[in-house]
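Okay, so here's the structure we're looking at.
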There are 4 protein chains.
Amino acid sequence: MKKLNVAMIGYKFMGRAHSNAWRQVGKFFDLPYEPVLKVICGRNDADVKIAADKLGWDEHATAWQDVVGRKDIDVVDICTPGDSHMPIALGAAEAKKVVFCEKPLANSLAEAERMFDAVKRAGVLHMLCHNYRRVPAVALAKQLIDEGRIGTIRHYRGVYLQDRLVDPESPRTWRLEKAKAGSGALGDIASHSLDLARHLVGDIAEVSGMLETFVHERPLPGSNARAPVDVDDAALALLRFRNGAVGTVEASRFALGRKNHNRFEINGNKGSLVFDLERLNELELYIEEGPNSGFRRVLVTDPQHPFIGGWWPRGHLIGYEHSFTHTVLDLVKAIHEQKLPAPSFEDGVKNQRVLDAIERSASSGRWEKSS
Amino acid sequence: MKKLNVAMIGYKFMGRAHSNAWRQVGKFFDLPYEPVLKVICGRNDADVKIAADKLGWDEHATAWQDVVGRKDIDVVDICTPGDSHMPIALGAAEAKKVVFCEKPLANSLAEAERMFDAVKRAGVLHMLCHNYRRVPAVALAKQLIDEGRIGTIRHYRGVYLQDRLVDPESPRTWRLEKAKAGSGALGDIASHSLDLARHLVGDIAEVSGMLETFVHERPLPGSNARAPVDVDDAALALLRFRNGAVGTVEASRFALGRKNHNRFEINGNKGSLVFDLERLNELELYIEEGPNSGFRRVLVTDPQHPFIGGWWPRGHLIGYEHSFTHTVLDLVKAIHEQKLPAPSFEDGVKNQRVLDAIERSASSGRWEKSS
Amino acid sequence: MKKLNVAMIGYKFMGRAHSNAWRQVGKFFDLPYEPVLKVICGRNDADVKIAADKLGWDEHATAWQDVVGRKDIDVVDICTPGDSHMPIALGAAEAKKVVFCEKPLANSLAEAERMFDAVKRAGVLHMLCHNYRRVPAVALAKQLIDEGRIGTIRHYRGVYLQDRLVDPESPRTWRLEKAKAGSGALGDIASHSLDLARHLVGDIAEVSGMLETFVHERPLPGSNARAPVDVDDAALALLRFRNGAVGTVEASRFALGRKNHNRFEINGNKGSLVFDLERLNELELYIEEGPNSGFRRVLVTDPQHPFIGGWWPRGHLIGYEHSFTHTVLDLVKAIHEQKLPAPSFEDGVKNQRVLDAIERSASSGRWEKSS
Amino acid sequence: MKKLNVAMIGYKFMGRAHSNAWRQVGKFFDLPYEPVLKVICGRNDADVKIAADKLGWDEHATAWQDVVGRKDIDVVDICTPGDSHMPIALGAAEAKKVVFCEKPLANSLAEAERMFDAVKRAGVLHMLCHNYRRVPAVALAKQLIDEGRIGTIRHYRGVYLQDRLVDPESPRTWRLEKAKAGSGALGDIASHSLDLARHLVGDIAEVSGMLETFVHERPLPGSNARAPVDVDDAALALLRFRNGAVGTVEASRFALGRKNHNRFEINGNKGSLVFDLERLNELELYIEEGPNSGFRRVLVTDPQHPFIGGWWPRGHLIGYEHSFTHTVLDLVKAIHEQKLPAPSFEDGVKNQRVLDAIERSASSGRWEKSS
């Protein structure tokens with residue numbers, strides 16, 4: 001089988017998740033290519049060498065500029081923090097590589113637009129990694145909506161709640177620094193909820209947003225010194241969709257007890273859907289059938305369910321990382337078919353427009369256009 | 001035991017619930033007075049006679065003006081639609097009766113303020129019936145918050161979702177007519193969620209609101225003719241509390257599968273709380289205690305829990321109507337102690353100010369002050 | 001409307017629940033008779049007088065022998081501990097009264113059989129109060145089974161778990177004394193689970209049972225002295241139904257955290273059902289429809305659901321005591337129609353046969369016939 | 001790092017799960033050896049070749065007899081159906097290999113005892129793969145019990161419910177043939193529930209068991225011919241533990257709607273625990289702390305929880321197959337420390353004794369000793 005050589009830039013949390021996906025996808029699914037974990041790249045030579053060994057990459061490197069242009073590389077997979085997505089993507093596009101980029105596409109709308117322009121001009125395939133679209137329960141939700149089972153959608157109700165920052169002594173990492181992270185809960189987790197909103201309901205016309213920082217100063221990691229927090233701890237918005245549906249979205253790192261509560265509820269005029277990432281193998285489905293209707297808990301582990309056929313027999317749960325494996329699966333198929341996979345960088349730009357509108361609205365105190 | 005003579009105006013859904021409360025309260029709780037269901041009043045003589053027999057009232061009447069001034073009456077209980085609350089309350093206050101009024105206090109802020117002025121000037125006791133404050137699980141939530149068990153509150157997340165209007169052929173009743181109902185989901189059900197927000201979290205400083213009507217015309221009851229719907233089917237708002245907490249509230253009659261889903265979640269820096277009226281005997285409580293913490297389902301049926309001592313042994317559920325019985329219990333006690341019970345008409349005015357601000361914001365597209 | 005005069009013997013927990021049912025039934029349902037709470041009877045004159053006032057009875061008395069024969073009495077309602085059920089029922093039957101008896105029918109099979117003989121010979125109507133049959137969710141379960149929606153039943157899985165006796169210093173009340181209570185968890189709570197098994201699945205052919213006492217001695221109430229516990233703390237059994245289904249039943253007062261966990265699961269070849277008394281307004285229903293099937297949570301509060309029409313609009317919960325009101329409703333209707341209501345004393349005898357077989361099996365170590 | 005060469009016999013469902021564990025364990029955990037997937041063995045050459053490629057094995061073979069004796073092999077991993085476990089294990093033990101065997105250890109007690117004798121005599125390390133012991137939530141349950149957090153255990157309540165055989169036209173596979181499978185639901189799934197009972201509560205002294213076959217004849221796979229089913233469709237038992245606790249266990253493939261419902265509830269005098277494999281990332285924990293106690297849902301995804309540190313940050317779920325990875329992790333560590341891992345073949349013998357006692361009891365109609 002033809003090989004597909006991958007270069008990965010970045011090797012922390014997302015690097016581990018993407019590496020696992022590249023390693024595992026061929027063990028469970030039939031592929032048109034054999035993915036090869038060719039080279040992993042990071043700035044610290046010692047650390048990236050350890051990562052290469054641990055994560056199963058053939059080589060390691062420290063300069064992404066050298067890597068993205070290598071003739072033997074087919075795909076560049078970007079897993080770095082958001083502030084370096086643009087230069088790497090531009091370099092990879094120029095070198096005519098398939099560009100696969102972890103979300104959010106960029107730290108600002110302007111950067112995102114430049115990235116989308118670059119891949120378009122270069123004529124290369126591109127994909128944004130919003131892994132939750134390919135959790136089987138979410139894919140099933142999409143399928144039911146597309147089949148009309150839920151009817152005309154009236155409401156989207158999305159929250160992404162965590163509790164990592166409740167302790168005011170939790171350190172001021174790069175994620176709490178606007179220059180590196182772009183924004184706080186907004187870009188990190190509300191972006192997931194908004195991508196699902198667009199994916200499942202449709203484009204968002206306008207928003208009324210609100211950003212809140214509860215703790216304004218935190219200790220620097222491993223230090224007594226304190227530094228300001230200049231990103232949001234929580235982001236909230238009212239949404240008006242193009243198709244007439246209305247919605248809310250809320251992201252917070254101050255929701256005590258919620259570990260990774262990426263939940264949405266969708267109400268249509270024929271049915272409703274509820275998903276919660278903390279129970280990612282389940283989809284709650286309501287179909288109106290009279291007095292004995294009720295929200296049913298569908299265990300999305302049937303071979304007929306999206307992506308499940310590759311894994312285990314009915315009733316055997318999958319985990320978080322499998323959503324990356326499914327994303328890579330569809331990327332590899334798309335490369336073979338030379339079709340643009342979804343979400344593309346264009347989706348990234350659209351998402352960024354919504355994030356941008358929420359920031360503008362939080363500042364203006366008015367509704368702002370988001371598409 | 002001294003008797004407490006009650007006159008009730010109105011005899012439909014709320015009339016039945018209040019009647020039951022007056023009948024039952026003395027059978028389960030020790031009271032300083034014996035409530036007497038003296039006279040029930042409604043416009044249709046035949047119907048109100050049937051109601052009097054069925055609901056256990058000694059007499060019936062058709063003109064509230066005659067009833068509120070009767071010397072033998074101690075309490076006037078107002079259960080009519082919102083557009084008649086003000087005149088009845090003014091009459092009862094003038095006659096120096098205790099005034100007990102079903103929510104919402106009035107259909108507009110101006111009316112609500114006039115009612116509060118009237119009871120203040122008359123020097124009579126007054127109480128607004130927001131029955132959900134006295135569901136034991138909600139009363140326990142309040143107690144835990146007051147004891148500091150939840151810590152500083154960061155988030156309030158309230159929804160009140162029903163699905164009664166999903167069918168576009170569902171009739172255009174008086175509840176969908178602005179002239180009679182004042183507003184739609186906003187005044188009818190968002191008002192509950194906002195009262196709980198104020199009760200549990202504190203005063204709401206400003207709001208960004210949104211009102212939506214999905215179906216603009218419906219058949220008149222028992223007729224082929226169609227009439228316009230000029231109230232909201234759904235009401236959504238972002239909330240900023242005086243104490244720095246932020247929140248969302250959403251009410252809809254288009255949330256298919258949600259029958260009476262009055263739910264709130266509160267996140268503090270020590271714990272979190274979740275309540276759902278569809279499981280009203282439970283409170284979900286999270287207390288941060290390290291990795292083995294988790295949302296615990298407290299069955300609020302212990303004799304030590306608020307109001308439960310009057311009912312059954314531990315583990316025996318109570319129903320919806322019991323919340324009215326608890327409200328009447330506290331009203332009777334307050335009358336005996338000549339103390340103002342809560343929520344008072346002042347709370348009604350404050351609630352109305354929030355509803356009013358949401359309407360103004362929905363129209364202006366800007367944040368509006370709500371207190 | 002013709003009156004139906006009731007005499008009640010007993011005034012503790014069950015007396016309060018039955019009194020409430022007699023008082024409330026006519027306020028919510030249309031009845032062929034007006035029930036009159038004529039006389040309540042108990043051994044302690046002072047206490048029974050207080051109970052009469054509190055619970056709404058016209059008169060009180062101390063000798064049941066005098067009461068059951070009164071000409072003005074139509075129904076004798078027996079709410080005393082199990083050891084006095086037989087003499088009172090025999091007296092009431094001889095006096096040609098309708099006999100309504102709280103479960104368990106008697107403390108032994110022999111007593112139960114004598115009671116059934118007495119009412120048959122006297123030709124009077126009789127009803128056993130197994131109130132859980134008339135929780136709307138249970139009544140809906142029965143209806144779905146009778147309609148064939150669940151198909152051929154394969155499994156019944158019943159537990160009735162409480163945690164009242166976990167503390168070894170919890171007192172040795174009469175319920176822990178074999179002479180008064182007959183048995184422990186077996187007769188008190190397993191009897192409910194077994195009645196539901198018979199009601200929903202069918203007659204039980206044979207059982208393998210086990211009784212366990214964890215704490216053999218407890219302090220007498222209000223005393224330092226300790227007395228032996230000679231009843232079971234937990235009762236467990238395997239069941240073989242006449243129709244080929246198999247089952248388990250387990251009752252315990254040592255299941256920490258379970259307050260009133262009367263739960264059953266029924267699996268048929270078309271669907272499954274789960275009920276839990278701690279969420280008595282819900283029925284979990286599974287209907288096999290392919291991969292998107294799932295246990296749905298039916299909120300059994302629709303006007304079309306059994307008994308709900310008398311109460312509140314859709315989505316408003318009812319409580320524990322309502323199940324007694326429904327039982328009394330059907331008793332009053334049965335009296336009017338002169339039809340034997342279910343469960344009758346014959347059901348009581350059949351239930352007692354199963355309890356008896358479990359006791360025999362626990363002692364013999366073998367399967368025993370139970371019908 | 002020193003290599004650990006593995007030979008696997010069998011390549012179907014369990015072969016895939018074990019292969020994944022061997023491949024993944026070193027990518028997520030620090031190991032004393034590097035596992036090498038050396039050779040996979042199965043009877044059909046073409047099929048086993050495909051499996052070797054797909055699952056990542058260096059070589060393939062068709063005769064286990066040749067494989068188990070190879071000098072370069074350190075561990076023999078047995079994933080075949082139960083009827084061949086004994087000969088392979090005996091061969092591997094004789095060749096002084098570490099023997100790792102999928103459950104159940106054997107199809108009969110006699111075989112299990114012979115296997116345990118063989119590994120003891122050979123002085124080789126041995127481990128039985130009961131993977132559910134190493135689901136993090138189950139490992140946490142064990143830890144809490146060992147720390148005394150639950151107190152003295154009174155009750156074990158285990159079910160393992162599936163619905164695979166509800167359809168009478170579901171084929172008569174080898175799993176329904178006593179000669180190959182030994183038993184039906186009993187050995188296949190009740191064995192898991194009984195292993196967890198022994199692991200978490202203690203040895204089982206005696207049982208009263210019941211086996212039921214609902215459908216006695218089924219079509220042969222891919223054929224019109226029908227063949228008898230001579231194993232149980234459902235297995236039920238009452239349990240008496242050595243330490244005084246009592247329990248029930250039930251396994252069925254006729255529980256419609258239950259896909260892989262391996263659930264247990266344990267009640268102690270200080271707390272209770274509930275686990276459900278369909279929500280394997282959660283443990284329900286009840287600790288008695290007064291009226292505001294409740295079953296809390298612990299999301300067992302904290303780095304401090306057993307095995308989680310190797311995977312993802314807090315709040316990210318793991319799947320079914322991870323339990324095998326944890327099992328292999330502990331096996332590799334045990335080999336390095338030359339300590340016997342648990343569960344060992346001795347546990348397998350003990351488990352088999354309980355299964356055997358249930359079969360004997362089902363036949364005798366009496367309680368039977370099980371240890």
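Every chain in the structure tokens takes a letter, A first, then B, and so on in the order presented; its residues are numbered from 1, and the ligands are numbered from 1 following the presented order.
Those residues that approach Pro228 of chain A to within 7 Å, counting only C-alpha atoms, are His216, Glu217, Arg218, Arg226 and Asp230 of chain A; same-chain residues fewer than 2 positions away are not listed.
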Within 8 Å of Arg133 of chain C, counting only C-alpha atoms, which residues qualify if same-chain residues fewer than 6 places away don't, as a PyMOL selection string?
chain C and resi 139+196+199+323
Atoms kept (C-alpha atoms) for selection, written as a PDB file, in the first residue's frame:
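What follows is the written file part08.pdb:
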```pdb
ATOM      1  CA  ALA C 139     -50.301   1.566  36.150  1.00  0.00           C
ATOM      2  CA  LEU C 196     -45.831  -6.050  41.805  1.00  0.00           C
ATOM      3  CA  HIS C 199     -49.473  -8.052  39.243  1.00  0.00           C
ATOM      4  CA  SER C 323     -51.166   6.392  45.204  1.00  0.00           C
TER       5      SER C 323
END
```
Write out as CSV a residue-level contact list of chain D versus chain C with cut-off 7 Å: for each qualifying residue the closest pair of atoms and the distance in Å to one decimal, counting only C-alpha atoms, rows sorted by chain and residue number upward.
```
residue,atom,partner,partner_atom,distance
D:Val166,CA,C:Asn269,CA,6.0
D:Ala255,CA,C:Asn267,CA,5.3
D:Leu256,CA,C:Asn267,CA,5.8
D:Gly257,CA,C:Tyr286,CA,6.2
D:Asn267,CA,C:Ala255,CA,5.3
D:Gly268,CA,C:Leu256,CA,6.7
D:Asn269,CA,C:Val166,CA,6.0
D:Gly271,CA,C:Leu256,CA,6.1
D:Ser272,CA,C:Leu256,CA,6.0
D:Tyr286,CA,C:Gly257,CA,6.2
D:Gly294,CA,C:Gly257,CA,6.5
D:Phe295,CA,C:Gly257,CA,6.9
D:Gly365,CA,C:Arg366,CA,5.8
D:Arg366,CA,C:Arg366,CA,4.7
D:Trp367,CA,C:Gly365,CA,6.0
```
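Straight-line separation from atom CA of Arg172 of chain A to atom CA of Leu317 of chain D: 26.2 Å.
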For a test of reading the model, state the distance in Å between atom CA of Tyr11 of chain D and atom CA of Ala46 of chain D, rounded to one decimal.
12.2 Å
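Between atom CA of Val25 of chain B and atom CA of Lys97 of chain B the separation is 20.5 Å.
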Quick one: pick out all strand (DSSP E or B) residues within segment 164-286 of chain B from a backbone DSSP run and write them as a ChimeraX atom specification.
/B:204-212,217-219,226-228,234-241,246-252,261-268,271-276,282-286
Contacts of Pro306 of chain C within 10 Å, only C-alpha atoms, excl. fewer than 3 positions in-chain, as a PyMOL selection string:
chain C and resi 134-140+143+300-303+309-310+326
Could you find all residues in segment 16-176 of chain D that DSSP calls helix (DSSP H, G or I) from the backbone, and write them as a ChimeraX atom specification?
/D:16-28,45-55,64-68,82-94,109-122,131-134,136-146,174-176
Same residues, C-alpha atoms, output as a short mmCIF file (atom, residue, chain, number, x, y, z; two decimals), in the first residue's frame:
```cif
data_model
loop_
_atom_site.label_atom_id
_atom_site.label_comp_id
_atom_site.auth_asym_id
_atom_site.auth_seq_id
_atom_site.Cartn_x
_atom_site.Cartn_y
_atom_site.Cartn_z
CA ARG D 16 -7.67 -7.72 18.72
CA ALA D 17 -8.13 -6.38 22.26
CA HIS D 18 -4.93 -7.98 23.56
CA SER D 19 -2.95 -6.90 20.49
CA ASN D 20 -4.04 -3.33 21.02
CA ALA D 21 -2.97 -3.51 24.65
CA TRP D 22 0.50 -4.80 23.78
CA ARG D 23 0.90 -2.14 21.10
CA GLN D 24 -0.38 0.77 23.16
CA VAL D 25 0.90 0.12 26.67
CA GLY D 26 4.39 1.50 26.03
CA LYS D 27 3.06 4.60 24.30
CA PHE D 28 1.25 5.76 27.42
CA ASP D 45 -3.07 -19.51 7.63
CA ALA D 46 -4.69 -16.94 5.33
CA ASP D 47 -6.74 -15.41 8.09
CA VAL D 48 -3.96 -15.29 10.62
CA LYS D 49 -1.68 -13.62 8.08
CA ILE D 50 -4.22 -10.86 7.56
CA ALA D 51 -4.59 -10.51 11.33
CA ALA D 52 -0.83 -10.26 11.80
CA ASP D 53 -0.63 -7.41 9.29
CA LYS D 54 -3.66 -5.62 10.68
CA LEU D 55 -2.83 -6.02 14.35
CA TRP D 64 0.57 -23.23 18.73
CA GLN D 65 2.65 -26.26 19.63
CA ASP D 66 5.54 -24.84 17.61
CA VAL D 67 5.13 -21.35 18.93
CA VAL D 68 4.96 -21.88 22.68
CA GLY D 82 -12.22 -21.91 26.30
CA ASP D 83 -11.91 -25.49 25.11
CA SER D 84 -8.29 -25.04 24.01
CA HIS D 85 -7.03 -23.02 26.99
CA MET D 86 -5.81 -26.05 28.88
CA PRO D 87 -3.59 -27.70 26.27
CA ILE D 88 -2.00 -24.41 25.26
CA ALA D 89 -1.39 -23.34 28.86
CA LEU D 90 0.10 -26.73 29.69
CA GLY D 91 2.41 -26.48 26.69
CA ALA D 92 3.47 -22.94 27.56
CA ALA D 93 4.09 -23.82 31.21
CA GLU D 94 6.18 -26.80 30.23
CA LEU D 109 -13.21 -26.95 37.18
CA ALA D 110 -11.11 -30.03 36.48
CA GLU D 111 -9.34 -28.36 33.57
CA ALA D 112 -8.79 -25.18 35.60
CA GLU D 113 -7.23 -27.15 38.42
CA ARG D 114 -4.94 -28.97 36.02
CA MET D 115 -3.81 -25.64 34.55
CA PHE D 116 -3.08 -24.18 37.96
CA ASP D 117 -1.11 -27.32 38.90
CA ALA D 118 0.90 -27.05 35.70
CA VAL D 119 2.00 -23.44 36.20
CA LYS D 120 2.78 -24.10 39.86
CA ARG D 121 4.89 -27.16 39.03
CA ALA D 122 6.65 -25.30 36.21
CA ASN D 131 -9.93 -7.02 32.35
CA TYR D 132 -12.79 -5.34 34.25
CA ARG D 133 -10.77 -5.36 37.48
CA ARG D 134 -8.62 -2.68 35.85
CA PRO D 136 -10.22 2.75 36.66
CA ALA D 137 -13.64 3.08 38.30
CA VAL D 138 -13.48 -0.55 39.45
CA ALA D 139 -9.91 -0.09 40.67
CA LEU D 140 -11.09 2.98 42.58
CA ALA D 141 -13.93 0.95 44.10
CA LYS D 142 -11.39 -1.63 45.26
CA GLN D 143 -9.21 1.09 46.73
CA LEU D 144 -12.10 2.70 48.61
CA ILE D 145 -13.13 -0.68 50.01
CA ASP D 146 -9.58 -1.49 51.07
CA TRP D 174 -20.17 -22.17 19.08
CA ARG D 175 -20.95 -20.05 22.13
CA LEU D 176 -24.30 -21.89 22.41
#
```
Nearby residues (only C-alpha atoms) at most 10 Å from Gly187 of chain C, same-chain spacing under 2 positions excluded, as number ranges by chain:
C: 82, 103-108, 181-185, 189-192, 194, 231-232, 235, 251, 351-352, 355-356
Residues of the last selection are to be written out with N, CA and C atoms, as a PDB file, in the first residue's frame.
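After the write, part17.pdb holds the following:
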```
ATOM      1  N   GLY C  82     -49.930  -5.599  61.583  1.00  0.00           N
ATOM      2  CA  GLY C  82     -50.429  -6.832  60.977  1.00  0.00           C
ATOM      3  C   GLY C  82     -51.052  -7.833  61.932  1.00  0.00           C
ATOM      4  N   LYS C 103     -51.821  -3.570  53.542  1.00  0.00           N
ATOM      5  CA  LYS C 103     -50.961  -4.743  53.397  1.00  0.00           C
ATOM      6  C   LYS C 103     -49.965  -4.803  54.548  1.00  0.00           C
ATOM      7  N   PRO C 104     -49.347  -5.955  54.864  1.00  0.00           N
ATOM      8  CA  PRO C 104     -49.704  -7.260  54.310  1.00  0.00           C
ATOM      9  C   PRO C 104     -51.028  -7.711  54.912  1.00  0.00           C
ATOM     10  N   LEU C 105     -51.747  -8.553  54.183  1.00  0.00           N
ATOM     11  CA  LEU C 105     -53.083  -8.941  54.640  1.00  0.00           C
ATOM     12  C   LEU C 105     -53.018  -9.451  56.077  1.00  0.00           C
ATOM     13  N   ALA C 106     -51.991 -10.270  56.376  1.00  0.00           N
ATOM     14  CA  ALA C 106     -51.890 -10.823  57.723  1.00  0.00           C
ATOM     15  C   ALA C 106     -50.434 -11.178  58.002  1.00  0.00           C
ATOM     16  N   ASN C 107     -50.190 -11.629  59.205  1.00  0.00           N
ATOM     17  CA  ASN C 107     -48.819 -12.004  59.552  1.00  0.00           C
ATOM     18  C   ASN C 107     -48.487 -13.439  59.181  1.00  0.00           C
ATOM     19  N   SER C 108     -49.480 -14.191  58.791  1.00  0.00           N
ATOM     20  CA  SER C 108     -49.212 -15.584  58.404  1.00  0.00           C
ATOM     21  C   SER C 108     -50.197 -16.004  57.331  1.00  0.00           C
ATOM     22  N   ALA C 181     -44.758  -8.366  64.175  1.00  0.00           N
ATOM     23  CA  ALA C 181     -44.592  -7.973  62.774  1.00  0.00           C
ATOM     24  C   ALA C 181     -44.646  -9.166  61.820  1.00  0.00           C
ATOM     25  N   GLY C 182     -44.534 -10.374  62.367  1.00  0.00           N
ATOM     26  CA  GLY C 182     -44.581 -11.553  61.495  1.00  0.00           C
ATOM     27  C   GLY C 182     -43.227 -11.836  60.880  1.00  0.00           C
ATOM     28  N   SER C 183     -42.697 -10.866  60.180  1.00  0.00           N
ATOM     29  CA  SER C 183     -41.338 -10.983  59.644  1.00  0.00           C
ATOM     30  C   SER C 183     -40.769  -9.585  59.515  1.00  0.00           C
ATOM     31  N   GLY C 184     -39.569  -9.471  58.944  1.00  0.00           N
ATOM     32  CA  GLY C 184     -38.898  -8.173  58.861  1.00  0.00           C
ATOM     33  C   GLY C 184     -39.064  -7.543  57.491  1.00  0.00           C
ATOM     34  N   ALA C 185     -37.932  -7.412  56.800  1.00  0.00           N
ATOM     35  CA  ALA C 185     -37.970  -6.839  55.458  1.00  0.00           C
ATOM     36  C   ALA C 185     -38.883  -7.659  54.546  1.00  0.00           C
ATOM     37  N   ILE C 189     -41.490  -5.042  53.153  1.00  0.00           N
ATOM     38  CA  ILE C 189     -41.166  -4.416  51.868  1.00  0.00           C
ATOM     39  C   ILE C 189     -41.010  -5.405  50.710  1.00  0.00           C
ATOM     40  N   ALA C 190     -40.426  -6.601  50.976  1.00  0.00           N
ATOM     41  CA  ALA C 190     -40.387  -7.585  49.883  1.00  0.00           C
ATOM     42  C   ALA C 190     -41.809  -7.880  49.415  1.00  0.00           C
ATOM     43  N   SER C 191     -42.750  -7.788  50.333  1.00  0.00           N
ATOM     44  CA  SER C 191     -44.147  -8.067  49.972  1.00  0.00           C
ATOM     45  C   SER C 191     -44.623  -7.122  48.870  1.00  0.00           C
ATOM     46  N   HIS C 192     -44.184  -5.862  48.891  1.00  0.00           N
ATOM     47  CA  HIS C 192     -44.540  -4.925  47.822  1.00  0.00           C
ATOM     48  C   HIS C 192     -43.957  -5.388  46.494  1.00  0.00           C
ATOM     49  N   LEU C 194     -43.043  -8.307  45.613  1.00  0.00           N
ATOM     50  CA  LEU C 194     -43.648  -9.560  45.156  1.00  0.00           C
ATOM     51  C   LEU C 194     -45.069  -9.331  44.653  1.00  0.00           C
ATOM     52  N   VAL C 231     -36.461 -11.092  63.543  1.00  0.00           N
ATOM     53  CA  VAL C 231     -36.932 -11.065  62.147  1.00  0.00           C
ATOM     54  C   VAL C 231     -35.735 -10.792  61.233  1.00  0.00           C
ATOM     55  N   ASP C 232     -35.984 -10.915  59.934  1.00  0.00           N
ATOM     56  CA  ASP C 232     -34.925 -10.741  58.942  1.00  0.00           C
ATOM     57  C   ASP C 232     -34.643  -9.267  58.665  1.00  0.00           C
ATOM     58  N   ALA C 235     -34.117  -9.984  52.880  1.00  0.00           N
ATOM     59  CA  ALA C 235     -34.758 -11.176  52.315  1.00  0.00           C
ATOM     60  C   ALA C 235     -34.454 -11.206  50.826  1.00  0.00           C
ATOM     61  N   ALA C 251     -35.054  -7.586  49.334  1.00  0.00           N
ATOM     62  CA  ALA C 251     -35.466  -6.480  50.198  1.00  0.00           C
ATOM     63  C   ALA C 251     -34.465  -6.358  51.325  1.00  0.00           C
ATOM     64  N   ASN C 351     -50.190 -13.662  47.786  1.00  0.00           N
ATOM     65  CA  ASN C 351     -48.934 -13.024  48.200  1.00  0.00           C
ATOM     66  C   ASN C 351     -48.345 -13.723  49.418  1.00  0.00           C
ATOM     67  N   GLN C 352     -49.228 -13.996  50.363  1.00  0.00           N
ATOM     68  CA  GLN C 352     -48.768 -14.603  51.611  1.00  0.00           C
ATOM     69  C   GLN C 352     -48.160 -15.977  51.332  1.00  0.00           C
ATOM     70  N   LEU C 355     -44.606 -15.351  50.340  1.00  0.00           N
ATOM     71  CA  LEU C 355     -43.792 -15.014  51.524  1.00  0.00           C
ATOM     72  C   LEU C 355     -43.524 -16.275  52.343  1.00  0.00           C
ATOM     73  N   ASP C 356     -44.571 -17.069  52.499  1.00  0.00           N
ATOM     74  CA  ASP C 356     -44.459 -18.298  53.268  1.00  0.00           C
ATOM     75  C   ASP C 356     -43.453 -19.253  52.622  1.00  0.00           C
TER      76      ASP C 356
END
```
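Residues within 12 Å of Ser223 of chain A, counting only C-alpha atoms and excluding same-chain residues fewer than 4 positions away, are Glu169, Ser170, Pro171, Arg172, Thr173, Arg218, Pro219 and Ala227 of chain A.
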Could you turn the residues from that selection into a file that holds C-alpha atoms, as a PDB file, in the first residue's frame?
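Result file is again_27.pdb:
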```
ATOM      1  CA  GLU A 169      -3.691  30.203  43.033  1.00  0.00           C
ATOM      2  CA  SER A 170      -3.852  28.132  39.877  1.00  0.00           C
ATOM      3  CA  PRO A 171      -0.888  29.453  37.827  1.00  0.00           C
ATOM      4  CA  ARG A 172      -0.861  32.075  35.076  1.00  0.00           C
ATOM      5  CA  THR A 173       0.120  29.772  32.194  1.00  0.00           C
ATOM      6  CA  ARG A 218      -2.311  34.815  39.251  1.00  0.00           C
ATOM      7  CA  PRO A 219       1.105  33.432  40.250  1.00  0.00           C
ATOM      8  CA  ALA A 227       1.144  38.353  36.575  1.00  0.00           C
TER       9      ALA A 227
END
```
Which residues are close to Val75 of chain C, i.e. within 12 Å by only C-alpha atoms, leaving aside same-chain residues fewer than 4 positions away? Reply as an NGL selection string.
:C and (3-9 or 22 or 35-40 or 67-71 or 89 or 92-93 or 95-101 or 124-127 or 328 or 331-332 or 335)
